[in-house]
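Heads up, work.txt below (compact mmCIF, C-alpha atoms):
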```
# COMPACT_ATOMS: atom_id res chain seq x y z
CA LEU A 15 39.81 -87.18 114.53
CA ASP A 16 38.33 -89.88 116.74
CA HIS A 17 36.78 -92.75 114.84
CA ARG A 18 34.77 -95.83 115.77
CA ARG A 19 33.46 -98.34 113.25
CA ILE A 20 30.47 -100.47 114.25
CA ALA A 21 29.90 -103.83 112.56
CA ASP A 22 27.17 -106.30 113.53
CA GLY A 23 26.52 -104.26 116.66
CA PHE A 24 30.11 -104.45 117.95
CA ILE A 25 32.84 -101.82 118.02
CA VAL A 26 35.73 -103.34 116.08
CA ALA A 27 38.13 -100.40 116.09
CA ASN A 28 38.80 -97.26 118.06
CA THR A 29 41.42 -95.09 116.40
CA THR A 30 42.61 -91.52 116.86
CA VAL A 31 44.14 -89.80 113.83
CA SER A 32 45.51 -86.29 114.17
CA ASP A 33 47.52 -83.81 112.12
CA SER A 34 47.96 -80.07 111.82
CA TRP A 35 48.96 -77.70 109.04
CA SER A 36 49.96 -74.08 108.67
CA ALA A 37 51.26 -71.91 105.85
CA PHE A 38 52.57 -68.44 105.04
CA THR A 39 50.58 -67.03 102.10
CA PRO A 40 52.06 -63.73 100.92
CA LYS A 41 50.84 -61.64 97.98
CA VAL A 42 52.62 -58.74 96.29
CA GLY A 43 51.50 -56.47 93.50
CA LEU A 44 52.75 -53.54 91.44
CA GLU A 45 50.66 -50.95 89.58
CA PHE A 46 51.74 -48.29 87.07
CA LYS A 47 49.60 -45.60 85.41
CA PRO A 48 51.40 -44.08 82.40
CA THR A 49 48.23 -42.05 81.68
CA THR A 50 44.94 -41.41 83.48
CA ASP A 51 43.23 -44.00 81.24
CA ILE A 52 45.81 -46.81 81.36
CA LEU A 53 46.67 -49.01 84.33
CA LEU A 54 49.33 -51.72 84.10
CA TYR A 55 49.74 -54.24 86.91
CA ALA A 56 51.60 -57.37 87.98
CA SER A 57 51.02 -59.62 90.96
CA ALA A 58 52.33 -62.78 92.57
CA GLY A 59 50.92 -64.73 95.45
CA LYS A 60 50.60 -68.03 97.24
CA GLY A 61 47.41 -69.83 98.31
CA PHE A 62 46.75 -72.64 100.78
CA LYS A 63 43.93 -75.14 101.40
CA SER A 64 44.12 -77.16 104.60
CA GLY A 65 44.54 -80.93 104.60
CA GLY A 66 41.93 -83.25 106.08
CA PHE A 67 40.74 -86.78 106.82
CA ASN A 68 38.79 -89.51 105.07
CA ALA A 69 36.67 -90.57 108.02
CA ARG A 70 34.17 -93.03 106.53
CA PRO A 71 35.88 -96.38 105.90
CA LEU A 72 34.06 -99.16 104.08
CA SER A 73 36.25 -102.21 104.76
CA ASP A 74 38.58 -101.53 107.67
CA ILE A 75 40.29 -98.85 109.68
CA THR A 76 43.18 -98.50 107.21
CA GLU A 77 40.80 -96.48 105.04
CA VAL A 78 40.81 -93.69 107.64
CA THR A 79 43.50 -91.74 105.84
CA VAL A 80 44.99 -88.25 105.84
CA TYR A 81 45.31 -86.06 102.75
CA GLN A 82 47.77 -83.18 102.67
CA PRO A 83 47.27 -79.43 102.13
CA GLU A 84 46.95 -78.03 98.63
CA THR A 85 49.13 -75.03 97.74
CA ILE A 86 49.28 -72.77 94.71
CA ARG A 87 51.72 -70.16 93.44
CA THR A 88 50.08 -67.77 91.00
CA TYR A 89 51.34 -64.95 88.78
CA GLU A 90 49.41 -62.40 86.71
CA LEU A 91 50.16 -59.56 84.30
CA GLY A 92 47.42 -57.28 83.06
CA ALA A 93 46.24 -53.94 81.74
CA LYS A 94 43.06 -51.91 82.17
CA THR A 95 42.55 -49.20 79.56
CA ALA A 96 39.93 -46.68 78.38
CA TRP A 97 39.75 -44.98 74.95
CA PHE A 98 37.74 -42.32 73.11
CA ASP A 99 36.40 -40.58 76.23
CA ARG A 100 35.72 -43.99 77.79
CA ARG A 101 33.41 -45.04 74.97
CA LEU A 102 35.69 -48.08 74.67
CA VAL A 103 37.16 -50.02 77.59
CA LEU A 104 39.75 -52.72 76.90
CA ASN A 105 41.13 -54.99 79.61
CA GLY A 106 43.49 -57.93 79.34
CA ALA A 107 45.32 -60.31 81.64
CA ALA A 108 47.65 -63.30 81.36
CA TYR A 109 48.14 -65.72 84.25
CA PHE A 110 50.14 -68.75 85.28
CA SER A 111 49.55 -70.94 88.35
CA GLN A 112 51.45 -73.90 89.77
CA TYR A 113 49.68 -76.35 92.09
CA ASP A 114 51.23 -78.77 94.55
CA ASP A 115 49.36 -81.64 96.23
CA ILE A 116 46.12 -80.90 94.37
CA GLN A 117 43.16 -82.18 96.37
CA VAL A 118 40.68 -84.17 94.29
CA THR A 119 37.50 -85.96 95.33
CA VAL A 120 37.15 -89.48 93.97
CA ASN A 121 33.58 -90.83 93.80
CA GLN A 122 33.83 -94.62 93.59
CA THR A 123 30.48 -95.51 95.13
CA PRO A 124 30.33 -96.59 97.86
CA ARG A 125 34.03 -95.87 98.45
CA ASN A 126 34.43 -92.08 98.16
CA PHE A 127 37.55 -90.26 99.32
CA VAL A 128 39.80 -87.23 98.91
CA ALA A 129 43.45 -87.61 97.90
CA ASN A 130 46.31 -85.52 96.57
CA ALA A 131 46.84 -85.64 92.81
CA ALA A 132 50.48 -84.48 93.00
CA ALA A 133 51.18 -81.35 90.91
CA GLY A 134 49.72 -79.40 88.03
CA GLU A 135 49.58 -76.04 86.34
CA ILE A 136 47.11 -73.61 84.79
CA LYS A 137 47.95 -70.92 82.25
CA GLY A 138 45.86 -68.69 80.07
CA PHE A 139 44.62 -65.23 79.24
CA GLU A 140 41.47 -63.12 79.30
CA ILE A 141 40.48 -60.20 77.06
CA GLU A 142 37.47 -58.00 77.72
CA ALA A 143 35.98 -55.14 75.69
CA VAL A 144 33.02 -52.88 76.54
CA ALA A 145 31.99 -50.29 73.96
CA ARG A 146 29.35 -47.63 73.34
CA PRO A 147 29.63 -47.09 69.56
CA ALA A 148 26.58 -44.80 69.39
CA PRO A 149 24.08 -43.23 71.81
CA GLY A 150 21.82 -45.90 73.25
CA TRP A 151 23.97 -48.80 72.07
CA ASP A 152 26.21 -50.95 74.29
CA VAL A 153 28.36 -53.90 73.25
CA ASN A 154 30.46 -56.22 75.40
CA LEU A 155 32.77 -59.09 74.48
CA ALA A 156 35.01 -61.28 76.64
CA VAL A 157 37.28 -64.14 75.54
CA GLY A 158 39.11 -66.52 77.84
CA HIS A 159 41.65 -69.25 77.06
CA THR A 160 42.81 -71.73 79.71
CA LYS A 161 45.19 -74.69 79.52
CA THR A 162 45.40 -77.12 82.42
CA LYS A 163 47.59 -80.16 82.93
CA TYR A 164 49.00 -82.45 85.57
CA THR A 165 52.78 -82.30 85.78
CA GLU A 166 52.93 -85.15 88.32
CA VAL A 167 50.42 -87.83 89.29
CA GLY A 168 49.95 -89.11 92.83
CA GLN A 169 49.43 -92.73 93.85
CA GLY A 170 46.42 -92.25 96.10
CA LEU A 171 46.35 -93.19 99.77
CA GLY A 172 46.33 -96.98 99.75
CA PRO A 173 45.17 -100.16 97.98
CA THR A 174 41.50 -99.09 98.11
CA GLN A 175 42.06 -95.36 97.49
CA ILE A 176 43.65 -95.23 94.05
CA LEU A 177 43.55 -92.11 91.88
CA PRO A 178 42.00 -92.70 88.42
CA ILE A 179 44.10 -90.04 86.68
CA LYS A 180 47.17 -89.83 84.48
CA LEU A 181 49.37 -87.07 83.07
CA SER A 182 47.08 -86.54 80.08
CA THR A 183 43.97 -86.11 82.27
CA LYS A 184 42.30 -82.68 82.14
CA PHE A 185 41.20 -80.71 85.17
CA VAL A 186 37.51 -80.86 86.05
CA LYS A 187 35.21 -78.14 84.61
CA SER A 188 38.01 -76.40 82.70
CA PRO A 189 36.94 -75.57 79.14
CA GLU A 190 39.83 -74.43 76.98
CA TRP A 191 37.84 -71.57 75.44
CA THR A 192 35.04 -69.38 76.78
CA VAL A 193 33.38 -66.47 75.00
CA ASN A 194 30.72 -64.08 76.30
CA ALA A 195 29.07 -61.43 74.14
CA GLY A 196 26.17 -59.04 74.65
CA LEU A 197 24.34 -56.34 72.70
CA GLN A 198 22.02 -53.77 74.26
CA HIS A 199 19.93 -50.96 72.79
CA ARG A 200 18.01 -48.36 74.76
CA VAL A 201 15.17 -46.45 73.11
CA GLU A 202 13.89 -43.25 74.72
CA LEU A 203 10.09 -42.94 74.69
CA GLY A 204 9.78 -39.41 76.03
CA GLU A 205 7.14 -39.13 78.75
CA LEU A 206 6.47 -42.85 78.39
CA GLY A 207 9.92 -43.70 79.78
CA SER A 208 12.40 -45.95 77.99
CA LEU A 209 12.67 -49.40 76.49
CA THR A 210 15.88 -51.46 76.69
CA LEU A 211 16.44 -54.59 74.64
CA ARG A 212 19.35 -56.90 75.42
CA GLY A 213 20.68 -60.18 74.08
CA ASP A 214 23.53 -62.34 75.43
CA VAL A 215 25.32 -65.44 74.23
CA SER A 216 27.92 -67.49 76.12
CA TYR A 217 30.12 -70.17 74.55
CA PHE A 218 31.91 -72.90 76.51
CA GLY A 219 34.37 -75.39 75.07
CA LYS A 220 34.24 -79.06 75.96
CA TYR A 221 34.90 -79.90 79.61
CA TYR A 222 34.88 -82.92 81.90
CA ASN A 223 32.67 -83.31 84.98
CA ASP A 224 34.69 -86.01 86.77
CA ILE A 225 38.37 -86.33 87.56
CA ALA A 226 38.78 -89.51 85.46
CA ASN A 227 37.52 -87.67 82.33
CA ASP A 228 34.75 -90.15 81.56
CA GLU A 229 33.52 -89.34 78.04
CA ASP A 230 29.92 -90.25 78.91
CA LEU A 231 29.92 -87.53 81.56
CA ALA A 232 31.78 -84.93 79.51
CA GLN A 233 29.93 -81.83 78.34
CA LYS A 234 30.50 -81.04 74.67
CA ALA A 235 31.09 -77.49 73.46
CA HIS A 236 27.88 -75.49 73.62
CA SER A 237 26.36 -72.02 73.69
CA LEU A 238 23.71 -70.49 75.95
CA VAL A 239 21.49 -67.70 74.66
CA GLY A 240 19.48 -65.24 76.73
CA ALA A 241 17.38 -62.13 76.07
CA ARG A 242 15.73 -59.41 78.12
CA ILE A 243 13.39 -56.46 77.44
CA THR A 244 12.94 -53.77 80.08
CA TRP A 245 10.52 -50.87 80.29
CA ALA A 246 11.39 -48.11 82.78
CA SER A 247 9.48 -45.01 83.78
CA THR A 248 11.08 -41.60 83.21
CA ASP A 249 12.32 -41.47 86.82
CA GLU A 250 13.17 -45.22 86.70
CA ALA A 251 11.10 -45.78 89.84
CA TRP A 252 9.05 -48.40 87.98
CA LYS A 253 10.45 -51.23 85.89
CA ILE A 254 8.84 -54.13 84.05
CA GLU A 255 11.07 -56.85 82.63
CA ALA A 256 10.47 -59.91 80.50
CA PHE A 257 13.37 -62.31 80.14
CA GLY A 258 14.34 -65.69 78.78
CA THR A 259 17.35 -67.92 79.50
CA ASN A 260 18.77 -70.90 77.59
CA LEU A 261 16.50 -69.99 74.69
CA THR A 262 17.82 -72.83 72.52
CA ASP A 263 16.97 -75.32 75.29
CA GLU A 264 20.47 -76.81 75.50
CA GLN A 265 20.95 -79.87 77.71
CA VAL A 266 24.08 -79.06 79.71
CA LYS A 267 25.73 -81.48 82.14
CA VAL A 268 26.86 -79.53 85.19
CA SER A 269 28.13 -82.46 87.28
CA GLY A 270 28.70 -86.19 86.97
CA ASN A 271 29.84 -89.31 88.74
CA ALA A 272 31.01 -92.68 87.41
CA SER A 273 31.53 -95.70 89.68
CA SER A 274 33.17 -98.91 88.53
CA GLY A 275 33.06 -102.31 90.15
CA ALA A 276 29.93 -104.03 91.41
CA PHE A 277 27.82 -100.86 91.27
CA GLY A 278 28.74 -99.96 87.68
CA LEU A 279 26.75 -96.74 87.53
CA LYS A 280 27.08 -93.36 85.84
CA GLU A 281 24.98 -90.38 86.77
CA ALA A 282 24.86 -86.75 85.68
CA SER A 283 23.03 -83.59 86.70
CA TYR A 284 21.80 -81.08 84.15
CA GLY A 285 21.46 -77.32 84.20
CA PRO A 286 18.09 -75.54 83.83
CA PRO A 287 16.23 -75.92 80.51
CA MET A 288 14.76 -72.95 78.66
CA GLU A 289 13.12 -70.61 81.17
CA TRP A 290 11.24 -67.34 80.91
CA GLY A 291 9.76 -64.88 83.36
CA VAL A 292 8.32 -61.44 84.01
CA SER A 293 9.17 -59.14 86.89
CA LEU A 294 7.79 -55.86 88.26
CA ALA A 295 9.92 -53.60 90.44
CA HIS A 296 9.31 -50.28 92.20
CA GLU A 297 11.85 -48.18 94.06
CA PHE A 298 10.58 -45.96 96.87
```

Would you write the structure of this file as C-alpha cells?
Amino acid sequence: LDHRRIADGFIVANTTVSDSWSAFTPKVGLEFKPTTDILLYASAGKGFKSGGFNARPLSDITEVTVYQPETIRTYELGAKTAWFDRRLVLNGAAYFSQYDDIQVTVNQTPRNFVANAAAGEIKGFEIEAVARPAPGWDVNLAVGHTKTKYTEVGQGLGPTQILPIKLSTKFVKSPEWTVNAGLQHRVELGELGSLTLRGDVSYFGKYYNDIANDEDLAQKAHSLVGARITWASTDEAWKIEAFGTNLTDEQVKVSGNASSGAFGLKEASYGPPMEWGVSLAHEF
C-alpha cells in the first residue's frame, strides 16, 4: 500500500505499508446412512479472511494501520430424515465455531476503520420440518437458536482506533432465536387450472446493528408476515400471482451507525414497509 496525504496543497507524508498472509483451510466430513431415508453427518473445517489496511487517515500517517486475518474453526453435527413415504421431512443440525482475530468495522465518523476484536465463539442449533399432512396441504417450520460471545477483546490499533466493545458485547445482527413458518393449500379447479394460497411468518429475536450495541440502533424482536395467491393453468404455462410482504407494516432497522465526539450523530436504515404486487408469467 502506497499512501500520500495532502494537506493545504502540500504532500506531508509518503509512506509504504506492506504485508502478506496465507492460510491452509482444510475441511473434512463424514456421512452415514443407516436407512435410505436417514442421513447422519459430521464435519469440521477452517476458514480464513485476509487481513488489510486502513488507508484513509484523518490526523496523521500513524492512522495508516494494518489489521490481521480473521480465522474460524467450525464443527457441525446433523441429520436429514424422511418419514411416512416422505410426507414428513425432519432435519436438524448443531454447530460450534471459534473465531480468532475477528475483523470488525468501527464507524466513528469521520474516523472509520477496521480492527481485530480478538476472539469469540458461536454455537447453536437448527431444526426444520416440512410436511404434507393431506393432499393439497403443505406445512413448513424452521427454528434456529444462536448464542454469540466474545471470549477475548482486542485493544484496537492505536490511540485513535479504539474498539468500543467488551466481553459482554453481542455480535452484530445475531438474534438469539429465529422462527419461520408457512402454510400452503392448493385447490384443483378442473379445466380452470388450480389456485394456491400461501401464508408465511418469520420471527426474529432482538439484535444489534452496530458493534458497540447501541440500544437506540438495536432492533427489537419482531415478526414479518407475507401472503401469496397463485392461479395456474392446467398445463402451468400461465400463472397469475398476487402477493403482499410485511403485511403488518413493521418498521425494521436493518443497519445503523452511532458516532460520538463532535459529530454526535446516530443514523439507521429501515427495511421495506408493507408492499404488494401482481405478476403475470408465461412459459413457452

### Query
CA of Ile52 in chain A to CA of Ala148 in chain A: how many Å, to one decimal?
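Answer for the CA of Ile52 in chain A to CA of Ala148 in chain A separation: 22.7 Å.
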
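Distance-wise, CA of Gly158 in chain A and CA of Pro178 in chain A end up 28.4 Å apart.
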
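Across A:Lys161, A:Lys180, A:Lys137, A:Lys267, the tightest approach to Leu91 in chain A is made by A:Lys137 when counting only C-alpha atoms.
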
### Query
Between A:Asp228, A:Asp99, A:Glu205, A:Asp152, which has the minimum distance to Ile179 in chain A (counting only C-alpha atoms)?
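Of all the options, A:Asp228 lies closest to Ile179 in chain A.
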
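The list of residues within 12 Å of (40.6, -100.9, 97.1), counted using all atoms listed in the file, is Pro71, Leu72, Ser73, Asp74, Thr76, Glu77, Gln122, Thr123, Pro124, Arg125, Asn126, Phe127, Gly170, Leu171, Gly172, Pro173, Thr174, Gln175, Ile176, Leu177, Ser274 and Gly275 of chain A.
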